[in-house]
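Listing of entry_1.csv; format and content: CSV, N, CA and C atoms.
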```
chain,number,residue,atom,x,y,z
A,174,MET,N,-22.3,9.5,50.1
A,174,MET,CA,-23.0,10.3,49.2
A,174,MET,C,-22.4,11.7,49.2
A,175,ASN,N,-22.1,12.2,50.4
A,175,ASN,CA,-21.7,13.6,50.5
A,175,ASN,C,-20.3,13.8,49.8
A,176,ILE,N,-19.5,12.7,49.8
A,176,ILE,CA,-18.2,12.8,49.2
A,176,ILE,C,-18.4,12.9,47.7
A,177,ALA,N,-19.3,12.1,47.1
A,177,ALA,CA,-19.5,12.1,45.7
A,177,ALA,C,-20.0,13.5,45.2
A,178,LEU,N,-21.0,14.1,46.0
A,178,LEU,CA,-21.5,15.4,45.6
A,178,LEU,C,-20.4,16.4,45.7
A,179,SER,N,-19.6,16.3,46.7
A,179,SER,CA,-18.5,17.3,46.9
A,179,SER,C,-17.5,17.2,45.7
A,180,LEU,N,-17.2,16.0,45.3
A,180,LEU,CA,-16.3,15.8,44.1
A,180,LEU,C,-17.0,16.3,42.8
A,181,LEU,N,-18.3,16.2,42.7
A,181,LEU,CA,-19.0,16.7,41.5
A,181,LEU,C,-18.8,18.2,41.5
A,182,VAL,N,-19.0,18.9,42.6
A,182,VAL,CA,-18.9,20.3,42.7
A,182,VAL,C,-17.5,20.8,42.3
A,183,LEU,N,-16.5,20.2,42.9
A,183,LEU,CA,-15.1,20.5,42.7
A,183,LEU,C,-14.8,20.3,41.2
A,184,THR,N,-15.2,19.2,40.6
A,184,THR,CA,-14.9,18.9,39.2
A,184,THR,C,-15.6,19.9,38.3
A,185,ALA,N,-16.8,20.3,38.6
A,185,ALA,CA,-17.5,21.3,37.8
A,185,ALA,C,-16.8,22.6,37.8
A,186,ILE,N,-16.3,23.0,39.0
A,186,ILE,CA,-15.6,24.3,39.1
A,186,ILE,C,-14.3,24.2,38.3
A,187,ALA,N,-13.6,23.1,38.4
A,187,ALA,CA,-12.3,22.9,37.7
A,187,ALA,C,-12.6,22.9,36.1
A,188,LEU,N,-13.7,22.3,35.7
A,188,LEU,CA,-14.0,22.4,34.3
A,188,LEU,C,-14.3,23.8,33.8
A,189,VAL,N,-15.0,24.6,34.6
A,189,VAL,CA,-15.3,26.0,34.2
A,189,VAL,C,-14.0,26.8,34.1
A,190,LEU,N,-13.1,26.6,35.1
A,190,LEU,CA,-11.9,27.3,35.1
A,190,LEU,C,-11.0,26.9,34.0
A,191,GLY,N,-11.0,25.6,33.7
A,191,GLY,CA,-10.2,25.1,32.6
A,191,GLY,C,-10.7,25.5,31.2
A,192,SER,N,-12.0,25.6,31.1
A,192,SER,CA,-12.6,26.1,29.9
A,192,SER,C,-12.3,27.6,29.7
A,193,ALA,N,-12.3,28.4,30.8
A,193,ALA,CA,-11.9,29.8,30.6
A,193,ALA,C,-10.5,29.9,30.2
A,194,ALA,N,-9.6,29.1,30.7
A,194,ALA,CA,-8.2,29.1,30.3
A,194,ALA,C,-8.1,28.7,28.8
A,195,LEU,N,-8.8,27.8,28.3
A,195,LEU,CA,-8.8,27.4,26.9
A,195,LEU,C,-9.3,28.5,26.0
A,196,PHE,N,-10.4,29.2,26.4
A,196,PHE,CA,-10.9,30.3,25.7
A,196,PHE,C,-9.8,31.4,25.5
A,197,ARG,N,-9.1,31.7,26.6
A,197,ARG,CA,-8.1,32.7,26.5
A,197,ARG,C,-6.9,32.3,25.6
A,198,ARG,N,-6.6,31.0,25.7
A,198,ARG,CA,-5.4,30.5,24.9
A,198,ARG,C,-5.7,30.6,23.4
A,199,GLY,N,-7.0,30.4,23.0
A,199,GLY,CA,-7.3,30.4,21.6
A,199,GLY,C,-7.1,29.1,20.9
A,200,GLY,N,-7.9,28.9,19.9
A,200,GLY,CA,-7.7,27.7,19.1
A,200,GLY,C,-8.3,26.4,19.6
A,201,TYR,N,-8.8,26.5,20.9
A,201,TYR,CA,-9.5,25.3,21.5
A,201,TYR,C,-10.9,25.6,21.9
A,202,ARG,N,-11.6,26.3,21.0
A,202,ARG,CA,-12.9,26.7,21.3
A,202,ARG,C,-13.9,25.6,21.5
A,203,LYS,N,-13.8,24.6,20.6
A,203,LYS,CA,-14.7,23.4,20.6
A,203,LYS,C,-14.5,22.7,22.0
A,204,GLN,N,-13.3,22.4,22.4
A,204,GLN,CA,-13.0,21.7,23.6
A,204,GLN,C,-13.5,22.5,24.8
A,205,ALA,N,-13.4,23.8,24.8
A,205,ALA,CA,-13.8,24.7,25.9
A,205,ALA,C,-15.3,24.7,26.0
A,206,ILE,N,-16.0,24.7,24.9
A,206,ILE,CA,-17.5,24.6,24.9
A,206,ILE,C,-17.9,23.3,25.4
A,207,LEU,N,-17.3,22.2,25.0
A,207,LEU,CA,-17.6,20.9,25.5
A,207,LEU,C,-17.4,20.8,27.0
A,208,MET,N,-16.3,21.4,27.5
A,208,MET,CA,-16.1,21.4,29.0
A,208,MET,C,-17.2,22.1,29.7
A,209,LEU,N,-17.7,23.2,29.1
A,209,LEU,CA,-18.8,24.0,29.8
A,209,LEU,C,-20.1,23.1,29.8
A,210,VAL,N,-20.3,22.4,28.7
A,210,VAL,CA,-21.5,21.6,28.6
A,210,VAL,C,-21.4,20.5,29.7
A,211,LEU,N,-20.2,19.9,29.8
A,211,LEU,CA,-20.1,18.8,30.8
A,211,LEU,C,-20.2,19.4,32.2
A,212,ALA,N,-19.7,20.6,32.5
A,212,ALA,CA,-19.9,21.2,33.8
A,212,ALA,C,-21.4,21.5,34.0
A,213,ALA,N,-22.1,21.9,33.0
A,213,ALA,CA,-23.6,22.1,33.2
A,213,ALA,C,-24.3,20.8,33.5
A,214,VAL,N,-23.9,19.8,32.8
A,214,VAL,CA,-24.6,18.5,33.1
A,214,VAL,C,-24.3,18.0,34.5
A,215,MET,N,-23.1,18.2,35.0
A,215,MET,CA,-22.7,17.9,36.3
A,215,MET,C,-23.5,18.7,37.4
A,216,VAL,N,-23.6,20.0,37.1
A,216,VAL,CA,-24.4,20.9,38.0
A,216,VAL,C,-25.9,20.4,38.0
A,217,MET,N,-26.4,20.0,36.9
A,217,MET,CA,-27.8,19.6,36.9
A,217,MET,C,-28.0,18.3,37.7
A,218,ASN,N,-27.0,17.4,37.6
A,218,ASN,CA,-27.0,16.2,38.4
A,218,ASN,C,-27.0,16.5,39.9
A,219,ILE,N,-26.2,17.5,40.3
A,219,ILE,CA,-26.1,17.9,41.7
A,219,ILE,C,-27.5,18.5,42.1
A,220,VAL,N,-28.1,19.3,41.3
A,220,VAL,CA,-29.4,19.9,41.6
A,220,VAL,C,-30.4,18.8,41.8
A,221,ILE,N,-30.4,17.8,40.9
A,221,ILE,CA,-31.4,16.7,40.9
A,221,ILE,C,-31.2,15.9,42.2
A,222,TRP,N,-30.0,15.7,42.6
A,222,TRP,CA,-29.8,14.9,43.9
A,222,TRP,C,-30.0,15.7,45.1
A,223,THR,N,-29.9,17.0,45.1
A,223,THR,CA,-30.0,17.7,46.4
A,223,THR,C,-31.3,18.5,46.5
A,224,LEU,N,-32.1,18.8,45.4
A,224,LEU,CA,-33.3,19.6,45.4
A,224,LEU,C,-34.4,18.8,46.2
A,225,PRO,N,-34.9,19.4,47.2
A,225,PRO,CA,-36.0,18.7,48.0
A,225,PRO,C,-37.3,18.6,47.3
A,226,THR,N,-38.1,17.6,47.5
A,226,THR,CA,-39.4,17.5,46.9
A,226,THR,C,-40.4,18.3,47.8
A,227,GLN,N,-41.6,18.2,47.5
A,227,GLN,CA,-42.6,18.9,48.3
A,227,GLN,C,-42.7,18.3,49.7
A,228,GLU,N,-42.3,17.0,49.9
A,228,GLU,CA,-42.3,16.4,51.2
A,228,GLU,C,-41.1,16.8,52.0
A,229,GLY,N,-40.1,17.5,51.4
A,229,GLY,CA,-38.9,17.9,52.1
A,229,GLY,C,-37.8,16.8,52.0
A,230,ARG,N,-37.9,15.8,51.1
A,230,ARG,CA,-36.9,14.8,51.0
A,230,ARG,C,-36.2,15.0,49.7
A,231,SER,N,-34.9,14.6,49.7
A,231,SER,CA,-34.1,14.7,48.5
A,231,SER,C,-33.6,13.3,48.2
A,232,LEU,N,-33.1,13.1,47.0
A,232,LEU,CA,-32.5,11.8,46.6
A,232,LEU,C,-31.3,11.4,47.5
A,233,SER,N,-30.5,12.4,47.8
A,233,SER,CA,-29.3,12.2,48.6
A,233,SER,C,-29.6,11.8,50.0
A,234,SER,N,-30.7,12.4,50.6
A,234,SER,CA,-31.1,12.1,52.0
A,234,SER,C,-31.7,10.7,52.0
A,235,GLU,N,-32.4,10.3,51.0
A,235,GLU,CA,-33.0,9.0,50.9
A,235,GLU,C,-31.9,7.9,50.7
A,236,ALA,N,-30.9,8.2,49.9
A,236,ALA,CA,-29.8,7.3,49.7
A,236,ALA,C,-29.0,7.1,51.0
A,237,GLU,N,-28.9,8.1,51.8
A,237,GLU,CA,-28.2,8.0,53.1
A,237,GLU,C,-29.0,7.2,54.1
A,238,ARG,N,-30.3,7.3,54.0
A,238,ARG,CA,-31.2,6.6,54.9
A,238,ARG,C,-31.3,5.1,54.7
A,239,GLU,N,-31.1,4.7,53.5
A,239,GLU,CA,-31.1,3.2,53.2
A,239,GLU,C,-29.9,2.5,53.8
A,240,GLU,N,-30.2,1.3,54.3
A,240,GLU,CA,-29.1,0.5,54.9
A,240,GLU,C,-28.5,-0.3,53.8
A,241,VAL,N,-27.2,-0.6,53.9
A,241,VAL,CA,-26.5,-1.5,53.0
A,241,VAL,C,-26.8,-2.9,53.4
A,242,PRO,N,-27.2,-3.8,52.5
A,242,PRO,CA,-27.5,-5.2,52.9
A,242,PRO,C,-26.1,-5.9,53.3
A,243,HIS,N,-26.2,-6.8,54.2
A,243,HIS,CA,-25.0,-7.5,54.7
A,243,HIS,C,-24.8,-8.7,53.9
```

Now that the file is in, can you turn its structure into structure tokens?
Amino acid sequence: MNIALSLLVLTAIALVLGSAALFRRGGYRKQAILMLVLAAVMVMNIVIWTLPTQEGRSLSSEAEREEVPH
């Protein structure tokens, strides 16, 4: 699970940087805005998975706690 969350963070950063490059280049405003929207969705997913509840548990910690059936 930690690898997936790390990849989400890195991808969101890459999307924001790529969007900034497209804004500077000009003519690709729609694609740049869509990249920012996708980055925002990815960040919200990260927040949902890592934000602890009132009991102090998060979705990512619960997923790590579950055992994989054999």

| task | Give me the residues within 10 Å of Ala213 (chain A) as a ChimeraX atom specification, counting only C-alpha atoms and dropping any in the same chain fewer than 6 places off. | result | /A:185,188-189,207,219

| task | Could you pull out the residues in chain A that DSSP calls helix (DSSP H, G or I) from the backbone, as a PyMOL selection string? | result | chain A and resi 175-198+202-223+232-238

Atoms to include: N, CA and C atoms. Write the selected residues as a compact mmCIF listing (two decimals), in the frame of the given file.
```txt
# COMPACT_ATOMS: atom_id res chain seq x y z
N ASN A 175 -22.10 12.20 50.40
CA ASN A 175 -21.70 13.60 50.50
C ASN A 175 -20.30 13.80 49.80
N ILE A 176 -19.50 12.70 49.80
CA ILE A 176 -18.20 12.80 49.20
C ILE A 176 -18.40 12.90 47.70
N ALA A 177 -19.30 12.10 47.10
CA ALA A 177 -19.50 12.10 45.70
C ALA A 177 -20.00 13.50 45.20
N LEU A 178 -21.00 14.10 46.00
CA LEU A 178 -21.50 15.40 45.60
C LEU A 178 -20.40 16.40 45.70
N SER A 179 -19.60 16.30 46.70
CA SER A 179 -18.50 17.30 46.90
C SER A 179 -17.50 17.20 45.70
N LEU A 180 -17.20 16.00 45.30
CA LEU A 180 -16.30 15.80 44.10
C LEU A 180 -17.00 16.30 42.80
N LEU A 181 -18.30 16.20 42.70
CA LEU A 181 -19.00 16.70 41.50
C LEU A 181 -18.80 18.20 41.50
N VAL A 182 -19.00 18.90 42.60
CA VAL A 182 -18.90 20.30 42.70
C VAL A 182 -17.50 20.80 42.30
N LEU A 183 -16.50 20.20 42.90
CA LEU A 183 -15.10 20.50 42.70
C LEU A 183 -14.80 20.30 41.20
N THR A 184 -15.20 19.20 40.60
CA THR A 184 -14.90 18.90 39.20
C THR A 184 -15.60 19.90 38.30
N ALA A 185 -16.80 20.30 38.60
CA ALA A 185 -17.50 21.30 37.80
C ALA A 185 -16.80 22.60 37.80
N ILE A 186 -16.30 23.00 39.00
CA ILE A 186 -15.60 24.30 39.10
C ILE A 186 -14.30 24.20 38.30
N ALA A 187 -13.60 23.10 38.40
CA ALA A 187 -12.30 22.90 37.70
C ALA A 187 -12.60 22.90 36.10
N LEU A 188 -13.70 22.30 35.70
CA LEU A 188 -14.00 22.40 34.30
C LEU A 188 -14.30 23.80 33.80
N VAL A 189 -15.00 24.60 34.60
CA VAL A 189 -15.30 26.00 34.20
C VAL A 189 -14.00 26.80 34.10
N LEU A 190 -13.10 26.60 35.10
CA LEU A 190 -11.90 27.30 35.10
C LEU A 190 -11.00 26.90 34.00
N GLY A 191 -11.00 25.60 33.70
CA GLY A 191 -10.20 25.10 32.60
C GLY A 191 -10.70 25.50 31.20
N SER A 192 -12.00 25.60 31.10
CA SER A 192 -12.60 26.10 29.90
C SER A 192 -12.30 27.60 29.70
N ALA A 193 -12.30 28.40 30.80
CA ALA A 193 -11.90 29.80 30.60
C ALA A 193 -10.50 29.90 30.20
N ALA A 194 -9.60 29.10 30.70
CA ALA A 194 -8.20 29.10 30.30
C ALA A 194 -8.10 28.70 28.80
N LEU A 195 -8.80 27.80 28.30
CA LEU A 195 -8.80 27.40 26.90
C LEU A 195 -9.30 28.50 26.00
N PHE A 196 -10.40 29.20 26.40
CA PHE A 196 -10.90 30.30 25.70
C PHE A 196 -9.80 31.40 25.50
N ARG A 197 -9.10 31.70 26.60
CA ARG A 197 -8.10 32.70 26.50
C ARG A 197 -6.90 32.30 25.60
N ARG A 198 -6.60 31.00 25.70
CA ARG A 198 -5.40 30.50 24.90
C ARG A 198 -5.70 30.60 23.40
N ARG A 202 -11.60 26.30 21.00
CA ARG A 202 -12.90 26.70 21.30
C ARG A 202 -13.90 25.60 21.50
N LYS A 203 -13.80 24.60 20.60
CA LYS A 203 -14.70 23.40 20.60
C LYS A 203 -14.50 22.70 22.00
N GLN A 204 -13.30 22.40 22.40
CA GLN A 204 -13.00 21.70 23.60
C GLN A 204 -13.50 22.50 24.80
N ALA A 205 -13.40 23.80 24.80
CA ALA A 205 -13.80 24.70 25.90
C ALA A 205 -15.30 24.70 26.00
N ILE A 206 -16.00 24.70 24.90
CA ILE A 206 -17.50 24.60 24.90
C ILE A 206 -17.90 23.30 25.40
N LEU A 207 -17.30 22.20 25.00
CA LEU A 207 -17.60 20.90 25.50
C LEU A 207 -17.40 20.80 27.00
N MET A 208 -16.30 21.40 27.50
CA MET A 208 -16.10 21.40 29.00
C MET A 208 -17.20 22.10 29.70
N LEU A 209 -17.70 23.20 29.10
CA LEU A 209 -18.80 24.00 29.80
C LEU A 209 -20.10 23.10 29.80
N VAL A 210 -20.30 22.40 28.70
CA VAL A 210 -21.50 21.60 28.60
C VAL A 210 -21.40 20.50 29.70
N LEU A 211 -20.20 19.90 29.80
CA LEU A 211 -20.10 18.80 30.80
C LEU A 211 -20.20 19.40 32.20
N ALA A 212 -19.70 20.60 32.50
CA ALA A 212 -19.90 21.20 33.80
C ALA A 212 -21.40 21.50 34.00
N ALA A 213 -22.10 21.90 33.00
CA ALA A 213 -23.60 22.10 33.20
C ALA A 213 -24.30 20.80 33.50
N VAL A 214 -23.90 19.80 32.80
CA VAL A 214 -24.60 18.50 33.10
C VAL A 214 -24.30 18.00 34.50
N MET A 215 -23.10 18.20 35.00
CA MET A 215 -22.70 17.90 36.30
C MET A 215 -23.50 18.70 37.40
N VAL A 216 -23.60 20.00 37.10
CA VAL A 216 -24.40 20.90 38.00
C VAL A 216 -25.90 20.40 38.00
N MET A 217 -26.40 20.00 36.90
CA MET A 217 -27.80 19.60 36.90
C MET A 217 -28.00 18.30 37.70
N ASN A 218 -27.00 17.40 37.60
CA ASN A 218 -27.00 16.20 38.40
C ASN A 218 -27.00 16.50 39.90
N ILE A 219 -26.20 17.50 40.30
CA ILE A 219 -26.10 17.90 41.70
C ILE A 219 -27.50 18.50 42.10
N VAL A 220 -28.10 19.30 41.30
CA VAL A 220 -29.40 19.90 41.60
C VAL A 220 -30.40 18.80 41.80
N ILE A 221 -30.40 17.80 40.90
CA ILE A 221 -31.40 16.70 40.90
C ILE A 221 -31.20 15.90 42.20
N TRP A 222 -30.00 15.70 42.60
CA TRP A 222 -29.80 14.90 43.90
C TRP A 222 -30.00 15.70 45.10
N THR A 223 -29.90 17.00 45.10
CA THR A 223 -30.00 17.70 46.40
C THR A 223 -31.30 18.50 46.50
N LEU A 232 -33.10 13.10 47.00
CA LEU A 232 -32.50 11.80 46.60
C LEU A 232 -31.30 11.40 47.50
N SER A 233 -30.50 12.40 47.80
CA SER A 233 -29.30 12.20 48.60
C SER A 233 -29.60 11.80 50.00
N SER A 234 -30.70 12.40 50.60
CA SER A 234 -31.10 12.10 52.00
C SER A 234 -31.70 10.70 52.00
N GLU A 235 -32.40 10.30 51.00
CA GLU A 235 -33.00 9.00 50.90
C GLU A 235 -31.90 7.90 50.70
N ALA A 236 -30.90 8.20 49.90
CA ALA A 236 -29.80 7.30 49.70
C ALA A 236 -29.00 7.10 51.00
N GLU A 237 -28.90 8.10 51.80
CA GLU A 237 -28.20 8.00 53.10
C GLU A 237 -29.00 7.20 54.10
N ARG A 238 -30.30 7.30 54.00
CA ARG A 238 -31.20 6.60 54.90
C ARG A 238 -31.30 5.10 54.70
```

| task | Quick one: everything within 8 Å of Val216 (chain A), counting all atoms listed in the file, minus sequence neighbours fewer than 4 positions away in the same chain. Send it as a list in words. | result | Leu181, Val182, Ala185, Val210, Leu211, Ala212, Val220, Ile221 and Trp222 of chain A

| task | Have a look at CA of Ala194 (chain A) and atom C of Leu209 (chain A) and let me know their distance in Å, one decimal. | result | 13.3 Å

| Gln204 (chain A): which residues within 8 Å, counting only C-alpha atoms, same-chain residues fewer than 3 positions away excluded, as a ChimeraX atom specification? | /A:192,195,201,207-208

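Our summary of the geometry notes that CA of Asn175 (chain A) is positioned 24.2 Å from CA of Gly191 (chain A).
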